[in-house]
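Shown here: query-v4.pdb, PDB, C-alpha atoms, pLDDT in the B column.
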ATOM      1  CA  MET A   1      11.565 -69.128  28.593  1.00 44.00           C
ATOM      2  CA  ALA A   2      10.843 -71.888  26.131  1.00 49.00           C
ATOM      3  CA  GLU A   3       7.158 -71.452  26.751  1.00 49.00           C
ATOM      4  CA  GLY A   4       7.412 -67.723  25.999  1.00 49.00           C
ATOM      5  CA  GLU A   5       9.214 -68.409  22.728  1.00 52.00           C
ATOM      6  CA  THR A   6       6.612 -70.908  21.688  1.00 55.00           C
ATOM      7  CA  SER A   7       3.733 -68.546  22.331  1.00 58.00           C
ATOM      8  CA  ALA A   8       5.444 -65.774  20.346  1.00 58.00           C
ATOM      9  CA  VAL A   9       6.162 -67.989  17.366  1.00 62.00           C
ATOM     10  CA  ALA A  10       2.836 -69.788  17.242  1.00 65.00           C
ATOM     11  CA  PRO A  11       0.655 -66.833  16.108  1.00 69.00           C
ATOM     12  CA  ALA A  12       3.062 -66.047  13.252  1.00 68.00           C
ATOM     13  CA  ARG A  13       2.972 -69.665  12.167  1.00 67.00           C
ATOM     14  CA  ASP A  14      -0.835 -69.697  12.401  1.00 76.00           C
ATOM     15  CA  SER A  15      -1.051 -66.562  10.315  1.00 80.00           C
ATOM     16  CA  LYS A  16       1.232 -68.033   7.659  1.00 80.00           C
ATOM     17  CA  SER A  17      -0.723 -71.258   7.615  1.00 83.00           C
ATOM     18  CA  GLU A  18      -3.997 -69.340   7.284  1.00 86.00           C
ATOM     19  CA  THR A  19      -2.613 -67.318   4.362  1.00 90.00           C
ATOM     20  CA  MET A  20      -1.431 -70.519   2.727  1.00 91.00           C
ATOM     21  CA  ALA A  21      -4.889 -72.028   3.189  1.00 94.00           C
ATOM     22  CA  PHE A  22      -6.464 -69.028   1.428  1.00 95.00           C
ATOM     23  CA  VAL A  23      -3.982 -69.339  -1.429  1.00 96.00           C
ATOM     24  CA  VAL A  24      -4.807 -73.039  -1.754  1.00 96.00           C
ATOM     25  CA  ALA A  25      -8.547 -72.296  -1.773  1.00 96.00           C
ATOM     26  CA  ALA A  26      -8.184 -69.522  -4.358  1.00 97.00           C
ATOM     27  CA  ALA A  27      -6.012 -71.733  -6.559  1.00 97.00           C
ATOM     28  CA  GLY A  28      -8.545 -74.545  -6.242  1.00 96.00           C
ATOM     29  CA  TRP A  29     -11.335 -72.224  -7.299  1.00 96.00           C
ATOM     30  CA  LEU A  30      -9.430 -70.727 -10.226  1.00 97.00           C
ATOM     31  CA  VAL A  31      -8.200 -74.033 -11.643  1.00 97.00           C
ATOM     32  CA  PRO A  32     -10.259 -76.993 -10.437  1.00 97.00           C
ATOM     33  CA  GLY A  33      -8.035 -79.469  -8.597  1.00 96.00           C
ATOM     34  CA  LEU A  34      -5.073 -77.102  -8.247  1.00 97.00           C
ATOM     35  CA  GLY A  35      -5.771 -76.585  -4.543  1.00 96.00           C
ATOM     36  CA  HIS A  36      -5.491 -80.305  -3.872  1.00 96.00           C
ATOM     37  CA  ALA A  37      -2.469 -80.559  -6.179  1.00 96.00           C
ATOM     38  CA  LEU A  38      -0.671 -77.943  -4.075  1.00 96.00           C
ATOM     39  CA  LEU A  39      -1.321 -80.162  -1.065  1.00 95.00           C
ATOM     40  CA  LYS A  40      -0.012 -83.176  -3.011  1.00 95.00           C
ATOM     41  CA  MET A  41      -3.422 -84.863  -2.944  1.00 95.00           C
ATOM     42  CA  TRP A  42      -3.012 -86.046  -6.518  1.00 95.00           C
ATOM     43  CA  GLY A  43      -6.000 -88.385  -6.766  1.00 95.00           C
ATOM     44  CA  ARG A  44      -8.405 -85.764  -5.501  1.00 96.00           C
ATOM     45  CA  ALA A  45      -6.816 -83.120  -7.729  1.00 97.00           C
ATOM     46  CA  VAL A  46      -7.301 -85.209 -10.858  1.00 97.00           C
ATOM     47  CA  VAL A  47     -10.856 -86.138  -9.916  1.00 97.00           C
ATOM     48  CA  CYS A  48     -11.819 -82.512  -9.196  1.00 97.00           C
ATOM     49  CA  PHE A  49     -10.354 -81.358 -12.496  1.00 97.00           C
ATOM     50  CA  LEU A  50     -12.036 -84.107 -14.494  1.00 97.00           C
ATOM     51  CA  THR A  51     -15.370 -83.745 -12.711  1.00 97.00           C
ATOM     52  CA  VAL A  52     -15.628 -80.020 -13.329  1.00 97.00           C
ATOM     53  CA  GLY A  53     -14.272 -80.466 -16.853  1.00 96.00           C
ATOM     54  CA  VAL A  54     -16.748 -83.189 -17.791  1.00 96.00           C
ATOM     55  CA  LEU A  55     -19.711 -81.336 -16.260  1.00 96.00           C
ATOM     56  CA  VAL A  56     -18.796 -78.116 -18.093  1.00 95.00           C
ATOM     57  CA  MET A  57     -18.221 -79.906 -21.412  1.00 94.00           C
ATOM     58  CA  VAL A  58     -21.493 -81.794 -21.171  1.00 94.00           C
ATOM     59  CA  GLY A  59     -23.403 -78.747 -19.921  1.00 94.00           C
ATOM     60  CA  ALA A  60     -22.092 -76.587 -22.750  1.00 92.00           C
ATOM     61  CA  GLY A  61     -22.608 -79.402 -25.243  1.00 91.00           C
ATOM     62  CA  MET A  62     -26.255 -79.600 -24.230  1.00 91.00           C
ATOM     63  CA  ARG A  63     -26.456 -75.826 -24.704  1.00 90.00           C
ATOM     64  CA  GLY A  64     -27.236 -75.060 -21.099  1.00 91.00           C
ATOM     65  CA  ASN A  65     -27.735 -71.503 -19.963  1.00 90.00           C
ATOM     66  CA  LEU A  66     -24.489 -69.949 -18.782  1.00 91.00           C
ATOM     67  CA  PHE A  67     -25.590 -67.014 -16.649  1.00 91.00           C
ATOM     68  CA  THR A  68     -23.952 -63.621 -16.949  1.00 89.00           C
ATOM     69  CA  SER A  69     -23.713 -60.655 -14.583  1.00 88.00           C
ATOM     70  CA  ARG A  70     -26.599 -59.008 -16.436  1.00 87.00           C
ATOM     71  CA  GLY A  71     -29.276 -61.179 -14.840  1.00 81.00           C
ATOM     72  CA  ASN A  72     -32.885 -60.089 -14.557  1.00 84.00           C
ATOM     73  CA  ASP A  73     -33.713 -61.527 -11.157  1.00 89.00           C
ATOM     74  CA  ALA A  74     -32.309 -63.183  -8.049  1.00 90.00           C
ATOM     75  CA  PHE A  75     -32.332 -66.628  -9.642  1.00 90.00           C
ATOM     76  CA  ASP A  76     -30.194 -65.371 -12.500  1.00 90.00           C
ATOM     77  CA  SER A  77     -27.781 -63.875  -9.980  1.00 92.00           C
ATOM     78  CA  LEU A  78     -27.624 -67.143  -8.044  1.00 93.00           C
ATOM     79  CA  GLY A  79     -27.042 -68.988 -11.297  1.00 93.00           C
ATOM     80  CA  TYR A  80     -24.240 -66.580 -12.131  1.00 94.00           C
ATOM     81  CA  ILE A  81     -22.592 -67.186  -8.759  1.00 95.00           C
ATOM     82  CA  ALA A  82     -22.906 -70.939  -9.252  1.00 95.00           C
ATOM     83  CA  ASP A  83     -21.468 -70.746 -12.765  1.00 95.00           C
ATOM     84  CA  LEU A  84     -18.623 -68.521 -11.614  1.00 95.00           C
ATOM     85  CA  GLY A  85     -17.722 -71.270  -9.158  1.00 96.00           C
ATOM     86  CA  THR A  86     -16.096 -73.144 -12.029  1.00 96.00           C
ATOM     87  CA  GLY A  87     -13.318 -70.523 -12.046  1.00 95.00           C
ATOM     88  CA  SER A  88     -11.404 -70.520 -15.317  1.00 95.00           C
ATOM     89  CA  PHE A  89     -13.773 -73.115 -16.742  1.00 95.00           C
ATOM     90  CA  TYR A  90     -16.425 -70.404 -16.921  1.00 95.00           C
ATOM     91  CA  LEU A  91     -14.500 -68.950 -19.852  1.00 94.00           C
ATOM     92  CA  VAL A  92     -14.105 -72.395 -21.391  1.00 92.00           C
ATOM     93  CA  ALA A  93     -17.879 -72.854 -21.232  1.00 92.00           C
ATOM     94  CA  ARG A  94     -18.370 -69.448 -22.853  1.00 90.00           C
ATOM     95  CA  LEU A  95     -15.985 -70.410 -25.638  1.00 90.00           C
ATOM     96  CA  LEU A  96     -17.651 -73.791 -26.137  1.00 88.00           C
ATOM     97  CA  GLU A  97     -21.135 -72.357 -26.448  1.00 83.00           C
ATOM     98  CA  ALA A  98     -20.613 -70.855 -29.867  1.00 77.00           C
ATOM     99  CA  ASP A  99     -24.336 -70.874 -30.680  1.00 78.00           C
ATOM    100  CA  GLY A 100     -25.463 -69.674 -27.260  1.00 81.00           C
ATOM    101  CA  PRO A 101     -27.832 -71.440 -24.888  1.00 82.00           C
ATOM    102  CA  ASP A 102     -31.024 -73.154 -25.991  1.00 82.00           C
ATOM    103  CA  VAL A 103     -33.347 -73.989 -23.123  1.00 81.00           C
ATOM    104  CA  SER A 104     -36.389 -74.552 -25.307  1.00 82.00           C
ATOM    105  CA  HIS A 105     -35.677 -78.291 -24.989  1.00 81.00           C
ATOM    106  CA  ALA A 106     -35.063 -80.472 -21.947  1.00 84.00           C
ATOM    107  CA  ASP A 107     -31.440 -80.894 -23.071  1.00 83.00           C
ATOM    108  CA  GLY A 108     -30.727 -77.215 -22.542  1.00 87.00           C
ATOM    109  CA  ASP A 109     -32.356 -77.281 -19.134  1.00 89.00           C
ATOM    110  CA  TYR A 110     -30.247 -80.261 -18.093  1.00 92.00           C
ATOM    111  CA  GLY A 111     -27.179 -78.497 -19.466  1.00 93.00           C
ATOM    112  CA  THR A 112     -27.932 -75.514 -17.221  1.00 94.00           C
ATOM    113  CA  ARG A 113     -27.976 -77.847 -14.205  1.00 94.00           C
ATOM    114  CA  PHE A 114     -24.729 -79.517 -15.267  1.00 96.00           C
ATOM    115  CA  LEU A 115     -23.004 -76.139 -15.498  1.00 96.00           C
ATOM    116  CA  ALA A 116     -24.332 -74.949 -12.140  1.00 96.00           C
ATOM    117  CA  THR A 117     -23.392 -78.251 -10.500  1.00 96.00           C
ATOM    118  CA  ALA A 118     -19.849 -77.944 -11.854  1.00 97.00           C
ATOM    119  CA  GLY A 119     -19.529 -74.545 -10.187  1.00 97.00           C
ATOM    120  CA  VAL A 120     -21.016 -75.550  -6.853  1.00 97.00           C
ATOM    121  CA  PHE A 121     -18.926 -78.720  -6.785  1.00 97.00           C
ATOM    122  CA  ASN A 122     -15.762 -76.731  -7.475  1.00 97.00           C
ATOM    123  CA  LEU A 123     -16.581 -74.363  -4.623  1.00 97.00           C
ATOM    124  CA  LEU A 124     -17.062 -77.379  -2.360  1.00 96.00           C
ATOM    125  CA  ALA A 125     -13.735 -78.823  -3.518  1.00 96.00           C
ATOM    126  CA  ALA A 126     -11.976 -75.496  -2.901  1.00 96.00           C
ATOM    127  CA  LEU A 127     -13.461 -75.398   0.607  1.00 96.00           C
ATOM    128  CA  HIS A 128     -12.282 -78.975   1.141  1.00 96.00           C
ATOM    129  CA  ALA A 129      -8.761 -78.022   0.072  1.00 96.00           C
ATOM    130  CA  TYR A 130      -8.882 -74.992   2.378  1.00 95.00           C
ATOM    131  CA  GLU A 131      -9.822 -77.167   5.338  1.00 94.00           C
ATOM    132  CA  ALA A 132      -7.126 -79.688   4.466  1.00 94.00           C
ATOM    133  CA  ALA A 133      -4.541 -76.890   4.253  1.00 94.00           C
ATOM    134  CA  ARG A 134      -5.552 -75.736   7.723  1.00 90.00           C
ATOM    135  CA  GLY A 135      -4.836 -79.214   9.015  1.00 85.00           C
ATOM    136  CA  ARG A 136      -8.379 -80.337   9.488  1.00 79.00           C
ATOM    137  CA  LYS A 137      -9.042 -83.989   8.794  1.00 69.00           C
ATOM    138  CA  ALA A 138      -9.985 -84.336   5.137  1.00 65.00           C
TER     139      ALA A 138
ATOM    140  CA  MET B   1     -15.507 -60.454 -30.552  1.00 51.00           C
ATOM    141  CA  MET B   2     -14.712 -63.618 -28.636  1.00 59.00           C
ATOM    142  CA  ALA B   3     -13.242 -66.549 -30.556  1.00 63.00           C
ATOM    143  CA  HIS B   4     -15.020 -69.820 -29.944  1.00 66.00           C
ATOM    144  CA  LEU B   5     -13.754 -73.343 -29.510  1.00 67.00           C
ATOM    145  CA  PRO B   6     -15.184 -76.037 -31.774  1.00 67.00           C
ATOM    146  CA  SER B   7     -18.603 -76.618 -30.244  1.00 67.00           C
ATOM    147  CA  ILE B   8     -19.809 -80.062 -29.283  1.00 73.00           C
ATOM    148  CA  ALA B   9     -23.453 -80.976 -29.684  1.00 76.00           C
ATOM    149  CA  LEU B  10     -24.750 -83.540 -27.228  1.00 79.00           C
ATOM    150  CA  LYS B  11     -28.130 -85.195 -27.408  1.00 84.00           C
ATOM    151  CA  LEU B  12     -28.749 -87.248 -24.295  1.00 87.00           C
ATOM    152  CA  SER B  13     -31.946 -88.904 -23.185  1.00 89.00           C
ATOM    153  CA  HIS B  14     -33.325 -88.164 -19.721  1.00 90.00           C
ATOM    154  CA  LEU B  15     -31.966 -91.452 -18.392  1.00 92.00           C
ATOM    155  CA  GLN B  16     -28.548 -90.996 -19.995  1.00 93.00           C
ATOM    156  CA  ALA B  17     -28.244 -87.518 -18.480  1.00 93.00           C
ATOM    157  CA  LEU B  18     -29.315 -88.865 -15.078  1.00 94.00           C
ATOM    158  CA  VAL B  19     -26.842 -91.755 -15.178  1.00 96.00           C
ATOM    159  CA  LEU B  20     -23.968 -89.559 -16.359  1.00 95.00           C
ATOM    160  CA  PHE B  21     -24.663 -86.936 -13.705  1.00 95.00           C
ATOM    161  CA  ALA B  22     -25.014 -89.554 -10.957  1.00 96.00           C
ATOM    162  CA  LEU B  23     -21.842 -91.357 -11.979  1.00 97.00           C
ATOM    163  CA  VAL B  24     -19.651 -88.252 -12.179  1.00 97.00           C
ATOM    164  CA  ILE B  25     -20.890 -86.784  -8.905  1.00 96.00           C
ATOM    165  CA  ALA B  26     -20.755 -90.125  -7.068  1.00 97.00           C
ATOM    166  CA  ILE B  27     -17.106 -90.609  -8.067  1.00 97.00           C
ATOM    167  CA  ALA B  28     -16.253 -87.033  -7.074  1.00 96.00           C
ATOM    168  CA  PHE B  29     -17.977 -87.345  -3.698  1.00 96.00           C
ATOM    169  CA  GLY B  30     -16.292 -90.691  -3.110  1.00 96.00           C
ATOM    170  CA  PHE B  31     -12.836 -89.204  -3.656  1.00 95.00           C
ATOM    171  CA  LEU B  32     -13.511 -86.105  -1.595  1.00 94.00           C
ATOM    172  CA  GLY B  33     -15.331 -87.851   1.223  1.00 93.00           C
ATOM    173  CA  ARG B  34     -13.256 -90.975   1.812  1.00 93.00           C
ATOM    174  CA  ARG B  35      -9.548 -91.787   1.956  1.00 91.00           C
ATOM    175  CA  GLN B  36      -9.238 -95.558   1.738  1.00 93.00           C
ATOM    176  CA  PRO B  37      -9.806 -97.150  -1.690  1.00 94.00           C
ATOM    177  CA  ILE B  38     -12.286 -99.740  -0.433  1.00 96.00           C
ATOM    178  CA  GLU B  39     -14.197 -97.095   1.512  1.00 96.00           C
ATOM    179  CA  ARG B  40     -14.236 -94.909  -1.570  1.00 96.00           C
ATOM    180  CA  LEU B  41     -15.577 -97.689  -3.730  1.00 97.00           C
ATOM    181  CA  LYS B  42     -18.348 -98.501  -1.258  1.00 97.00           C
ATOM    182  CA  TYR B  43     -19.259 -94.827  -0.947  1.00 97.00           C
ATOM    183  CA  ILE B  44     -19.292 -94.349  -4.733  1.00 97.00           C
ATOM    184  CA  LEU B  45     -21.526 -97.368  -5.303  1.00 97.00           C
ATOM    185  CA  TRP B  46     -23.884 -96.417  -2.489  1.00 97.00           C
ATOM    186  CA  THR B  47     -24.139 -92.788  -3.650  1.00 97.00           C
ATOM    187  CA  LEU B  48     -24.664 -93.859  -7.255  1.00 97.00           C
ATOM    188  CA  LEU B  49     -27.412 -96.264  -6.262  1.00 97.00           C
ATOM    189  CA  LEU B  50     -29.176 -93.610  -4.182  1.00 97.00           C
ATOM    190  CA  PHE B  51     -28.894 -91.005  -6.944  1.00 96.00           C
ATOM    191  CA  LEU B  52     -30.455 -93.395  -9.453  1.00 96.00           C
ATOM    192  CA  LEU B  53     -33.166 -94.717  -7.142  1.00 97.00           C
ATOM    193  CA  ILE B  54     -34.215 -91.277  -5.912  1.00 96.00           C
ATOM    194  CA  GLY B  55     -34.013 -89.785  -9.418  1.00 94.00           C
ATOM    195  CA  VAL B  56     -36.197 -92.476 -10.954  1.00 94.00           C
ATOM    196  CA  GLY B  57     -38.484 -92.377  -7.896  1.00 95.00           C
ATOM    197  CA  ILE B  58     -39.037 -88.629  -8.215  1.00 93.00           C
ATOM    198  CA  GLY B  59     -39.625 -89.114 -11.937  1.00 90.00           C
ATOM    199  CA  TRP B  60     -42.390 -91.617 -11.257  1.00 93.00           C
ATOM    200  CA  ALA B  61     -43.836 -89.452  -8.469  1.00 94.00           C
ATOM    201  CA  MET B  62     -44.191 -86.570 -10.957  1.00 91.00           C
ATOM    202  CA  TYR B  63     -45.679 -88.767 -13.675  1.00 89.00           C
ATOM    203  CA  PRO B  64     -49.366 -88.299 -12.698  1.00 90.00           C
ATOM    204  CA  PHE B  65     -48.993 -84.501 -12.881  1.00 88.00           C
ATOM    205  CA  SER B  66     -47.743 -84.617 -16.464  1.00 81.00           C
ATOM    206  CA  HIS B  67     -51.178 -85.638 -17.791  1.00 74.00           C
TER     207      HIS B  67
END
Exercise: express the given structure as structure tokens:
Amino acid sequence: MAEGETSAVAPARDSKSETMAFVVAAAGWLVPGLGHALLKMWGRAVVCFLTVGVLVMVGAGMRGNLFTSRGNDAFDSLGYIADLGTGSFYLVARLLEADGPDVSHADGDYGTRFLATAGVFNLLAALHAYEAARGRKA
Amino acid sequence: MMAHLPSIALKLSHLQALVLFALVIAIAFGFLGRRQPIERLKYILWTLLLFLLIGVGIGWAMYPFSH
């Protein structure tokens, strides 16, 4: 009897936990560090937020190329996906780059890398939070 | 038309950009990858060292092709 009850309850609990993990991942993507904050991993939350923030600020300050959806080729599209990884910080970068990108100098090129790294790192952090929410060792 | 935040203009040398990038990413990896403070510190220092060594190494490896 007890075994039957357990097996009936377990899938519902798994489903709820999986939904929660998706919410945590989405929150972590949208606001860097929020996924870890929801899991009460405060140190990691602060570090994720600051890392993405610093990379975006520096990347925009160096006038890196912030890709848009109107890319010309596959590399532009990949760059757009990477930049979108920063979540809400994508808009911050757009607002910071008042004069637009300038990749005629090495600074602008480095800035492009900083921005893309911020996005890819945030995606990694969101995935990390997702795994932690599912109970995997993190 | 989109309003803009006050823009910041940064002029960093190649080495400054490399060190800043390496430092930020090493700290982030350390916090994500390890739990214990001492393990984190070791991981951060090791990652930072590798970033810098490999970055400077690749720079020197490309040097002959720049002339």
Find the distance between CA of Pro32 in chain A and CA of Gly111 in chain A and write it in Å to one decimal.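 So the two atoms, CA of Pro32 in chain A and CA of Gly111 in chain A, lie 19.2 Å apart.
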Running the PyMOL selection byres ((chain B) within 12 of (chain A)) on this model by hand, what would come out? Give it as a PDB file with C-alpha atoms, in the frame of the given file.
ATOM      1  CA  MET B   1     -15.507 -60.454 -30.552  1.00 51.00           C
ATOM      2  CA  MET B   2     -14.712 -63.618 -28.636  1.00 59.00           C
ATOM      3  CA  ALA B   3     -13.242 -66.549 -30.556  1.00 63.00           C
ATOM      4  CA  HIS B   4     -15.020 -69.820 -29.944  1.00 66.00           C
ATOM      5  CA  LEU B   5     -13.754 -73.343 -29.510  1.00 67.00           C
ATOM      6  CA  PRO B   6     -15.184 -76.037 -31.774  1.00 67.00           C
ATOM      7  CA  SER B   7     -18.603 -76.618 -30.244  1.00 67.00           C
ATOM      8  CA  ILE B   8     -19.809 -80.062 -29.283  1.00 73.00           C
ATOM      9  CA  ALA B   9     -23.453 -80.976 -29.684  1.00 76.00           C
ATOM     10  CA  LEU B  10     -24.750 -83.540 -27.228  1.00 79.00           C
ATOM     11  CA  LYS B  11     -28.130 -85.195 -27.408  1.00 84.00           C
ATOM     12  CA  LEU B  12     -28.749 -87.248 -24.295  1.00 87.00           C
ATOM     13  CA  SER B  13     -31.946 -88.904 -23.185  1.00 89.00           C
ATOM     14  CA  HIS B  14     -33.325 -88.164 -19.721  1.00 90.00           C
ATOM     15  CA  LEU B  15     -31.966 -91.452 -18.392  1.00 92.00           C
ATOM     16  CA  GLN B  16     -28.548 -90.996 -19.995  1.00 93.00           C
ATOM     17  CA  ALA B  17     -28.244 -87.518 -18.480  1.00 93.00           C
ATOM     18  CA  LEU B  18     -29.315 -88.865 -15.078  1.00 94.00           C
ATOM     19  CA  LEU B  20     -23.968 -89.559 -16.359  1.00 95.00           C
ATOM     20  CA  PHE B  21     -24.663 -86.936 -13.705  1.00 95.00           C
ATOM     21  CA  ALA B  22     -25.014 -89.554 -10.957  1.00 96.00           C
ATOM     22  CA  LEU B  23     -21.842 -91.357 -11.979  1.00 97.00           C
ATOM     23  CA  VAL B  24     -19.651 -88.252 -12.179  1.00 97.00           C
ATOM     24  CA  ILE B  25     -20.890 -86.784  -8.905  1.00 96.00           C
ATOM     25  CA  ALA B  26     -20.755 -90.125  -7.068  1.00 97.00           C
ATOM     26  CA  ILE B  27     -17.106 -90.609  -8.067  1.00 97.00           C
ATOM     27  CA  ALA B  28     -16.253 -87.033  -7.074  1.00 96.00           C
ATOM     28  CA  PHE B  29     -17.977 -87.345  -3.698  1.00 96.00           C
ATOM     29  CA  GLY B  30     -16.292 -90.691  -3.110  1.00 96.00           C
ATOM     30  CA  PHE B  31     -12.836 -89.204  -3.656  1.00 95.00           C
ATOM     31  CA  LEU B  32     -13.511 -86.105  -1.595  1.00 94.00           C
ATOM     32  CA  GLY B  33     -15.331 -87.851   1.223  1.00 93.00           C
ATOM     33  CA  ARG B  34     -13.256 -90.975   1.812  1.00 93.00           C
ATOM     34  CA  ARG B  35      -9.548 -91.787   1.956  1.00 91.00           C
ATOM     35  CA  GLN B  36      -9.238 -95.558   1.738  1.00 93.00           C
ATOM     36  CA  PRO B  37      -9.806 -97.150  -1.690  1.00 94.00           C
ATOM     37  CA  ARG B  40     -14.236 -94.909  -1.570  1.00 96.00           C
TER      38      ARG B  40
END
Write out as a PyMOL selection string which residues come within 9 Å of Gly79 in chain A when counting all atoms listed in the file, dropping same-chain ones fewer than 4 positions away. chain A and resi 66-68+71+74-75+83-84+112+116
Could you check how far CA of Val120 in chain A sits from CA of Ala26 in chain A, in Å to one decimal?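 Atom-to-atom, CA of Val120 in chain A to CA of Ala26 in chain A, that is 14.4 Å.
The smallest atom-to-atom distance between Val23 in chain A and any of A:Leu115, A:Leu38, A:Leu91, A:Ile81, using all atoms listed in the file, is found for A:Leu38.
For Leu127 in chain A, the set of protein, DNA and RNA residues having any atom at most 10 Å away, when counting all atoms listed in the file and skipping those fewer than 4 positions along the same chain, is Ala21, Phe22, Val24, Ala25, Ala26, Gly28, Trp29, Gly35, Phe121, Asn122, Leu123, Glu131, Ala132 and Ala133 of chain A.
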Atomic distance CA of Trp60 in chain B - CA of Asn65 in chain A, expressed in Å with one decimal: 26.4 Å
